[in-house]
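Asks: This is start.csv, which holds CSV, C-alpha atoms:
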chain,number,residue,atom,x,y,z
A,1,MET,CA,70.0,119.9,87.4
A,2,GLN,CA,72.0,119.0,84.3
A,3,ARG,CA,74.7,116.3,84.4
A,4,ARG,CA,78.0,116.0,82.6
A,5,ARG,CA,79.8,112.7,82.1
A,6,ILE,CA,83.4,112.1,83.1
A,7,THR,CA,84.9,111.2,79.7
A,8,ASN,CA,85.2,107.5,78.9
A,9,THR,CA,83.4,106.4,82.1
A,10,SER,CA,79.8,105.7,83.1
A,11,VAL,CA,79.9,108.4,85.9
A,12,SER,CA,77.8,111.5,85.4
A,13,LEU,CA,78.1,114.5,87.8
A,14,THR,CA,75.5,117.2,88.3
A,15,GLU,CA,77.1,120.5,87.2
A,16,LEU,CA,77.1,121.7,90.9
A,17,GLY,CA,78.6,119.5,93.6
A,18,PHE,CA,78.5,119.5,97.4
A,19,GLY,CA,81.9,119.7,99.0
A,20,ALA,CA,81.7,118.1,102.5
A,21,SER,CA,85.0,119.4,104.0
A,22,VAL,CA,83.2,122.1,106.0
A,23,ILE,CA,80.8,119.6,107.6
A,24,GLY,CA,83.9,118.0,108.9
A,25,ASN,CA,84.1,121.0,111.2
A,26,LEU,CA,86.5,122.9,109.0
A,27,TYR,CA,87.7,126.0,111.1
A,28,ARG,CA,84.8,125.7,113.5
A,29,VAL,CA,82.2,123.3,115.0
A,30,THR,CA,79.2,122.6,112.9
A,31,PRO,CA,76.4,120.8,114.8
A,32,ASP,CA,75.2,117.4,113.5
A,33,GLU,CA,71.7,118.8,112.7
A,34,VAL,CA,73.2,121.7,110.7
A,35,ALA,CA,75.4,119.4,108.7
A,36,ALA,CA,72.5,117.1,108.0
A,37,GLY,CA,70.4,120.0,107.0
A,38,ALA,CA,73.0,121.1,104.5
A,39,VAL,CA,73.0,117.7,102.7
A,40,ASP,CA,69.1,117.7,102.7
A,41,ALA,CA,69.1,121.2,101.1
A,42,ALA,CA,71.6,120.1,98.5
A,43,TRP,CA,69.4,117.1,97.6
A,44,GLN,CA,66.3,119.4,97.4
A,45,ALA,CA,68.3,121.7,95.1
A,46,GLY,CA,69.0,118.8,92.7
A,47,ILE,CA,72.6,118.3,93.6
A,48,ARG,CA,73.6,114.7,93.2
A,49,TYR,CA,77.4,114.8,93.5
A,50,PHE,CA,78.9,114.8,97.0
A,51,ASP,CA,82.7,114.9,97.7
A,52,THR,CA,84.4,114.0,101.0
A,53,ALA,CA,87.8,112.7,102.3
A,54,PRO,CA,89.2,111.0,105.4
A,55,HIS,CA,91.3,114.2,106.0
A,56,TYR,CA,88.2,116.3,106.5
A,57,GLY,CA,87.6,116.3,110.3
A,58,LEU,CA,89.6,113.0,110.8
A,59,GLY,CA,86.7,111.0,109.3
A,60,LEU,CA,83.8,113.2,110.6
A,61,SER,CA,82.9,114.5,107.2
A,62,GLU,CA,82.7,110.9,105.8
A,63,SER,CA,80.6,109.6,108.7
A,64,ARG,CA,78.2,112.6,108.5
A,65,LEU,CA,77.9,112.5,104.7
A,66,GLY,CA,77.3,108.7,104.8
A,67,ALA,CA,74.6,109.0,107.4
A,68,ALA,CA,72.8,111.8,105.5
A,69,LEU,CA,72.8,109.9,102.2
A,70,ARG,CA,72.2,106.4,103.6
A,71,ASP,CA,68.4,106.4,103.0
A,72,ARG,CA,68.6,108.1,99.6
A,73,PRO,CA,68.3,106.0,96.4
A,74,ARG,CA,71.9,104.8,95.8
A,75,GLU,CA,71.6,104.9,92.0
A,76,GLU,CA,70.6,108.5,92.0
A,77,TYR,CA,73.8,110.1,93.5
A,78,VAL,CA,77.5,110.0,93.0
A,79,ILE,CA,79.9,110.1,95.9
A,80,SER,CA,83.7,110.6,95.9
A,81,SER,CA,86.3,110.2,98.5
A,82,LYS,CA,90.1,110.2,98.6
A,83,VAL,CA,93.1,108.1,99.5
A,84,GLY,CA,96.6,109.0,100.6
A,85,ARG,CA,96.1,109.9,104.2
A,86,LEU,CA,95.4,106.9,106.5
A,87,LEU,CA,93.8,107.7,109.8
A,88,VAL,CA,95.6,105.9,112.6
A,89,PRO,CA,95.5,106.1,116.4
A,90,ASN,CA,97.3,109.2,117.8
A,91,GLU,CA,99.8,108.1,120.4
A,92,HIS,CA,100.3,111.6,121.7
A,93,PRO,CA,97.0,113.4,121.6
A,94,ARG,CA,96.8,117.0,122.8
A,95,GLY,CA,93.1,117.4,122.6
A,96,ALA,CA,92.5,119.2,119.3
A,97,ASP,CA,93.4,118.7,115.6
A,98,THR,CA,96.1,120.9,114.3
A,99,GLU,CA,95.2,120.9,110.6
A,100,GLY,CA,92.2,123.2,110.5
A,101,PHE,CA,89.4,121.1,111.8
A,102,ALA,CA,87.6,121.6,115.1
A,103,VAL,CA,87.7,117.9,116.2
A,104,PRO,CA,89.5,115.9,118.9
A,105,ASP,CA,92.9,114.5,117.8
A,106,ASP,CA,92.4,110.9,119.0
A,107,LEU,CA,93.4,110.0,115.4
A,108,ARG,CA,96.2,111.3,113.2
A,109,ARG,CA,96.9,111.4,109.5
A,110,GLN,CA,99.6,109.1,108.0
A,111,TRP,CA,100.7,109.6,104.4
A,112,ASP,CA,100.4,106.3,102.5
A,113,PHE,CA,100.1,106.0,98.7
A,114,SER,CA,101.1,102.3,98.7
A,115,ARG,CA,98.8,99.7,97.2
A,116,ASP,CA,98.0,98.3,100.7
A,117,GLY,CA,97.5,101.8,102.0
A,118,VAL,CA,94.9,102.5,99.2
A,119,LEU,CA,93.0,99.4,99.9
A,120,ARG,CA,93.0,99.9,103.6
A,121,SER,CA,91.9,103.6,103.2
A,122,LEU,CA,89.0,102.5,101.0
A,123,GLU,CA,87.9,99.9,103.4
A,124,ASP,CA,88.0,102.4,106.3
A,125,THR,CA,86.0,105.0,104.2
A,126,LEU,CA,83.3,102.4,103.4
A,127,ARG,CA,83.1,101.6,107.1
A,128,ARG,CA,82.8,105.2,108.1
A,129,THR,CA,80.2,106.1,105.5
A,130,GLY,CA,78.2,102.9,105.8
A,131,LEU,CA,78.0,102.7,102.0
A,132,ASP,CA,78.6,99.7,99.8
A,133,ARG,CA,80.7,101.5,97.2
A,134,LEU,CA,82.4,104.7,96.1
A,135,ASP,CA,81.8,106.1,92.6
A,136,VAL,CA,84.9,108.2,92.3
A,137,VAL,CA,88.2,108.0,94.2
A,138,TYR,CA,91.0,110.6,94.1
A,139,LEU,CA,94.6,110.6,95.3
A,140,HIS,CA,94.6,113.4,97.8
A,141,ASP,CA,97.4,116.0,97.7
A,142,PRO,CA,100.2,113.7,96.4
A,143,ASP,CA,102.5,116.7,95.9
A,144,ASP,CA,105.5,115.1,97.7
A,145,HIS,CA,104.7,111.5,96.8
A,146,TRP,CA,104.6,111.4,93.0
A,147,ARG,CA,106.6,108.2,92.5
A,148,GLN,CA,104.5,106.1,95.0
A,149,ALA,CA,101.3,107.7,93.9
A,150,ALA,CA,101.9,107.1,90.2
A,151,ASP,CA,103.5,103.7,90.5
A,152,GLU,CA,101.4,102.1,93.3
A,153,ALA,CA,98.3,104.0,94.2
A,154,MET,CA,97.0,104.8,90.7
A,155,PRO,CA,97.5,101.3,89.4
A,156,ALA,CA,95.7,99.9,92.4
A,157,LEU,CA,92.7,102.3,91.7
A,158,ALA,CA,92.8,101.4,88.0
A,159,GLU,CA,92.5,97.7,88.9
A,160,LEU,CA,89.4,98.4,91.0
A,161,ARG,CA,88.0,100.6,88.3
A,162,ASP,CA,88.5,97.9,85.6
A,163,GLN,CA,86.8,95.4,87.9
A,164,GLY,CA,83.8,97.7,88.2
A,165,VAL,CA,84.3,98.4,91.9
A,166,ILE,CA,84.9,102.1,91.3
A,167,GLY,CA,83.4,104.2,88.4
A,168,ALA,CA,86.2,106.7,87.9
A,169,ILE,CA,89.7,107.5,89.4
A,170,GLY,CA,91.9,110.5,89.6
A,171,ALA,CA,93.8,113.0,91.8
A,172,GLY,CA,93.0,116.2,93.6
A,173,MET,CA,95.5,119.0,94.3
A,174,ASN,CA,95.9,122.7,94.7
A,175,GLN,CA,98.6,122.8,92.0
A,176,SER,CA,98.0,122.2,88.3
A,177,ALA,CA,101.4,121.0,87.0
A,178,MET,CA,101.4,117.6,88.7
A,179,LEU,CA,97.7,117.1,87.9
A,180,ALA,CA,98.6,117.5,84.2
A,181,ARG,CA,101.2,114.7,84.7
A,182,PHE,CA,98.5,112.4,86.2
A,183,LEU,CA,96.3,113.1,83.1
A,184,ARG,CA,99.2,112.4,80.7
A,185,GLU,CA,101.1,109.6,82.4
A,186,THR,CA,98.6,107.6,84.4
A,187,ALA,CA,95.3,105.9,84.2
A,188,ALA,CA,93.5,108.8,85.8
A,189,ASP,CA,90.0,109.7,84.3
A,190,VAL,CA,89.5,113.0,86.1
A,191,VAL,CA,91.3,115.5,88.3
A,192,MET,CA,90.0,117.7,91.0
A,193,LEU,CA,91.6,121.1,90.4
A,194,ALA,CA,91.6,123.6,93.3
A,195,GLY,CA,91.8,127.3,92.6
A,196,ARG,CA,93.7,127.2,89.3
A,197,TYR,CA,90.9,127.8,86.9
A,198,THR,CA,89.0,130.8,88.3
A,199,LEU,CA,88.2,134.4,87.3
A,200,LEU,CA,91.5,135.4,89.1
A,201,ASP,CA,93.8,132.4,88.1
A,202,GLN,CA,93.7,130.7,84.8
A,203,SER,CA,97.1,129.0,85.1
A,204,ALA,CA,95.5,125.6,84.3
A,205,LEU,CA,95.3,126.8,80.7
A,206,ASP,CA,99.0,126.1,80.6
A,207,ASP,CA,98.9,122.4,81.6
A,208,VAL,CA,95.8,120.7,83.1
A,209,LEU,CA,93.2,121.8,80.6
A,210,PRO,CA,95.3,121.1,77.4
A,211,ALA,CA,96.2,117.7,78.9
A,212,ALA,CA,92.6,116.9,79.6
A,213,GLU,CA,91.6,117.8,76.0
A,214,GLU,CA,94.5,116.0,74.4
A,215,HIS,CA,93.9,112.7,76.3
A,216,GLY,CA,90.1,112.9,76.5
A,217,LYS,CA,89.8,113.3,80.2
A,218,SER,CA,87.8,115.4,82.6
A,219,VAL,CA,88.3,118.1,85.3
A,220,VAL,CA,86.3,118.9,88.4
A,221,ALA,CA,86.8,122.5,89.5
A,222,VAL,CA,86.9,123.4,93.2
A,223,GLY,CA,88.1,126.5,95.1
A,224,VAL,CA,86.4,128.7,92.5
A,225,PHE,CA,85.9,131.6,95.0
A,226,ASN,CA,89.7,131.5,95.7
A,227,SER,CA,89.1,131.3,99.4
A,228,GLY,CA,86.5,134.0,99.4
A,229,LEU,CA,87.6,137.0,97.3
A,230,LEU,CA,85.1,136.0,94.6
A,231,SER,CA,82.3,135.0,96.9
A,232,ARG,CA,80.6,138.4,97.4
A,233,ASP,CA,79.1,140.9,94.9
A,234,ARG,CA,81.6,143.5,95.9
A,235,PRO,CA,85.1,142.4,97.0
A,236,ALA,CA,86.5,144.2,100.1
A,237,GLU,CA,89.8,144.8,101.7
A,238,GLY,CA,90.6,142.0,104.2
A,239,MET,CA,89.0,139.2,102.2
A,240,LYS,CA,91.0,136.0,101.7
A,241,TYR,CA,92.7,134.9,98.5
A,242,ASP,CA,94.2,131.3,98.5
A,243,TYR,CA,94.0,131.2,102.4
A,244,GLN,CA,95.9,134.5,102.8
A,245,ASP,CA,94.8,138.2,103.0
A,246,ALA,CA,94.2,139.2,99.4
A,247,PRO,CA,96.8,141.7,98.1
A,248,PRO,CA,95.4,145.1,97.0
A,249,ASP,CA,96.1,144.5,93.3
A,250,LEU,CA,93.9,141.4,93.3
A,251,VAL,CA,91.2,143.1,95.2
A,252,ALA,CA,91.2,145.9,92.6
A,253,ARG,CA,91.1,143.3,89.8
A,254,ALA,CA,88.2,141.4,91.4
A,255,ARG,CA,86.3,144.7,91.8
A,256,ALA,CA,86.9,145.5,88.1
A,257,ILE,CA,85.5,142.1,87.2
A,258,ALA,CA,82.6,142.7,89.6
A,259,ASP,CA,81.8,146.0,87.8
A,260,LEU,CA,81.6,144.2,84.4
A,261,CYS,CA,79.4,141.5,86.0
A,262,THR,CA,77.0,144.2,87.1
A,263,ALA,CA,77.0,145.8,83.7
A,264,HIS,CA,76.0,142.5,82.2
A,265,GLY,CA,73.2,141.8,84.6
A,266,THR,CA,74.9,139.3,86.8
A,267,THR,CA,77.0,139.1,89.9
A,268,LEU,CA,80.6,138.2,90.7
A,269,PRO,CA,79.9,135.0,92.6
A,270,ALA,CA,77.5,133.8,89.9
A,271,ALA,CA,80.1,134.4,87.3
A,272,ALA,CA,82.8,132.7,89.5
A,273,ILE,CA,80.7,129.5,89.6
A,274,ALA,CA,79.8,129.6,85.9
A,275,PHE,CA,83.3,130.4,84.5
A,276,PRO,CA,85.0,127.0,84.9
A,277,CYS,CA,82.2,125.3,83.0
A,278,THR,CA,82.9,127.4,79.9
A,279,HIS,CA,85.8,125.1,79.3
A,280,PRO,CA,84.7,121.8,77.6
A,281,SER,CA,86.8,119.6,79.8
A,282,VAL,CA,85.3,120.9,83.0
A,283,VAL,CA,82.4,118.6,84.1
A,284,ASN,CA,81.5,120.0,87.5
A,285,VAL,CA,82.1,122.8,90.0
A,286,THR,CA,82.0,121.7,93.6
A,287,LEU,CA,81.5,124.2,96.5
A,288,GLY,CA,82.1,123.6,100.2
A,289,MET,CA,78.7,124.3,101.9
A,290,ARG,CA,78.2,124.3,105.7
A,291,ASP,CA,74.5,124.9,106.2
A,292,ARG,CA,71.1,125.1,104.5
A,293,ASP,CA,71.4,128.8,103.8
A,294,GLN,CA,74.8,128.4,102.0
A,295,VAL,CA,73.4,125.6,99.9
A,296,THR,CA,70.3,127.6,98.9
A,297,ARG,CA,72.4,130.7,98.0
A,298,ASN,CA,74.9,128.7,95.9
A,299,ALA,CA,72.2,126.7,94.1
A,300,ALA,CA,70.5,130.0,93.2
A,301,LEU,CA,73.8,131.5,92.0
A,302,HIS,CA,74.3,128.4,89.8
A,303,ARG,CA,70.9,128.8,88.2
A,304,GLU,CA,71.6,132.4,87.2
A,305,THR,CA,72.2,132.9,83.5
A,306,VAL,CA,75.6,134.5,82.9
A,307,PRO,CA,75.7,136.0,79.4
A,308,GLU,CA,78.4,135.0,77.0
A,309,SER,CA,79.1,138.7,76.3
A,310,LEU,CA,80.6,138.9,79.8
A,311,TRP,CA,83.4,136.5,79.0
A,312,ASP,CA,84.1,138.4,75.7
A,313,GLU,CA,84.4,141.7,77.5
A,314,LEU,CA,86.5,140.3,80.3
A,315,ARG,CA,88.9,139.0,77.7
A,316,SER,CA,89.0,142.2,75.7
A,317,GLU,CA,89.7,144.2,78.9
A,318,GLY,CA,92.6,141.8,79.8
A,319,LEU,CA,90.9,140.7,83.0
A,320,ILE,CA,90.8,137.0,82.0
A,321,ARG,CA,93.0,135.1,79.5
As structure tokens, how would this structure be written, given the file I've shared?
Replies:
Amino acid sequence: MQRRRITNTSVSLTELGFGASVIGNLYRVTPDEVAAGAVDAAWQAGIRYFDTAPHYGLGLSESRLGAALRDRPREEYVISSKVGRLLVPNEHPRGADTEGFAVPDDLRRQWDFSRDGVLRSLEDTLRRTGLDRLDVVYLHDPDDHWRQAADEAMPALAELRDQGVIGAIGAGMNQSAMLARFLRETAADVVMLAGRYTLLDQSALDDVLPAAEEHGKSVVAVGVFNSGLLSRDRPAEGMKYDYQDAPPDLVARARAIADLCTAHGTTLPAAAIAFPCTHPSVVNVTLGMRDRDQVTRNAALHRETVPESLWDELRSEGLIR
């Protein structure tokens, strides 16, 4: 699988990445052997970029991903995790996590973008994964913490990067405006952009992507299916868009895009994966994958050739910017 380099760093990512949130029991329990099988299938498909975070399953994603990668050649893959949410003992557990993961709540998340919080978070991540280093570290959802994230967390990560401890640093969010500020105003090398440069939402053309081009930085695109509406050949009523039921007008627009995909000999999900990489600043598309079958399907979709003529017609029909 082809790799693209994060600009001005030594870190190269395979064009398709493995998002490990779902093997942290996102929404439902995933057995250990199924999670391990998903990582194995990703490796067999040539995927060498793996992303996780403490938030995902209160550390379960990190521990599972670390175990699955531990015996792989360390120089062959890139792993990223995130800082900003420390995991601390939960003084009042109720039995189950309340933030979308099917795990016990013996731990809780504590926002912390301080320098000490960053260092402690990284130490905890290395312990959970059993790995000796991380290649990329993102600030995780600093929406309500700009000042501390920009003034304390990012300089702490920059210091570790400059010492060679980390290969690249950045931030990951569901919004694009603040990510553009990180690219323009901080030492970030890369941002993880969720859902804002897809076949249904190109709002990143207003801020993140121009900032990346202007400052010679890179973008990793996630959420490219917009929570599911772009994940099937034929979108249907009741499918999700950005975690909510998709409104009828967006379902109709997704169907119109799907019709043009068919006319150009491809499919809607294949085009959804390919589209972000048409922008020169986007170096990777990472997809959440729960099991072997999902990995096999997504890797096959990534290998499909999507003709340039599709983008031209989508633009001429006003379906993408």
Asks: Please measure the separation of atom CA of Leu229 of chain A and atom CA of Tyr241 of chain A, giving the value in Å to one decimal.
Replies: 5.6 Å
Asks: Given the point (96.1, 104.9, 110.2) in the coordinates of this file, which residues lie within 9 Å, counting all atoms listed in the file, and how would they look as a list in words?
Replies: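 Here the neighbourhood of the point contains Arg85, Leu86, Leu87, Val88, Pro89, Asn90, Leu107, Arg108, Arg109, Gln110, Trp111, Asp112, Gly117, Arg120 and Ser121 of chain A.
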Asks: Can you measure atom CA of Asn174 of chain A to atom CA of Arg196 of chain A for me? One decimal in Å is fine.
Replies: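 Computed distance, atom CA of Asn174 of chain A to atom CA of Arg196 of chain A, equals 7.4 Å.
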Asks: Do you know which residues are at most 12 Å from Asp249 of chain A counting only C-alpha atoms, after dropping those on the same chain fewer than 3 positions away, and could you put them as a list of chain:residue names?
Replies: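 Skipping anything fewer than 3 positions along the chain leaves A:Leu200, A:Pro235, A:Ala236, A:Glu237, A:Tyr241, A:Asp245, A:Ala246, A:Ala252, A:Arg253, A:Ala254, A:Arg255, A:Ala256.
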Asks: May I have the selected residues written with C-alpha atoms, as a short mmCIF file (atom, residue, chain, number, x, y, z; two decimals), keeping the file's coordinate frame?
Replies:
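Output file selection.cif is given in full below:
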data_model
loop_
_atom_site.label_atom_id
_atom_site.label_comp_id
_atom_site.auth_asym_id
_atom_site.auth_seq_id
_atom_site.Cartn_x
_atom_site.Cartn_y
_atom_site.Cartn_z
CA LEU A 200 91.50 135.40 89.10
CA PRO A 235 85.10 142.40 97.00
CA ALA A 236 86.50 144.20 100.10
CA GLU A 237 89.80 144.80 101.70
CA TYR A 241 92.70 134.90 98.50
CA ASP A 245 94.80 138.20 103.00
CA ALA A 246 94.20 139.20 99.40
CA ALA A 252 91.20 145.90 92.60
CA ARG A 253 91.10 143.30 89.80
CA ALA A 254 88.20 141.40 91.40
CA ARG A 255 86.30 144.70 91.80
CA ALA A 256 86.90 145.50 88.10
#
Asks: What are the closest atom pairs, with distances in Å to one decimal, for each residue of segment 194-287 of chain A lying within 12 Å of segment 50-54 of chain A, using only C-alpha atoms, rows by chain and rising residue number, as a tab-separated table?
Replies:
residue	atom	partner	partner_atom	distance
A:Val220	CA	A:Asp51	CA	10.7
A:Ala221	CA	A:Asp51	CA	11.9
A:Val222	CA	A:Asp51	CA	10.5
A:Asn284	CA	A:Phe50	CA	11.1
A:Val285	CA	A:Asp51	CA	11.0
A:Thr286	CA	A:Asp51	CA	8.0
A:Leu287	CA	A:Asp51	CA	9.5
Asks: Please determine, counting all atoms listed in the file, which residue among A:His145, A:Arg5, A:Lys217, A:His55 has the shortest atom-to-atom distance to Gly24 of chain A.
Replies: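 For Gly24 of chain A, the nearest of the candidates is A:His55.
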Asks: How would you write as number ranges by chain the residues that get within 9 Å of (77.8, 122.6, 93.4) in the file's frame, counting all atoms listed in the file?
Replies: A: 14-19, 42, 47-50, 273, 284-289, 295, 298-299, 302
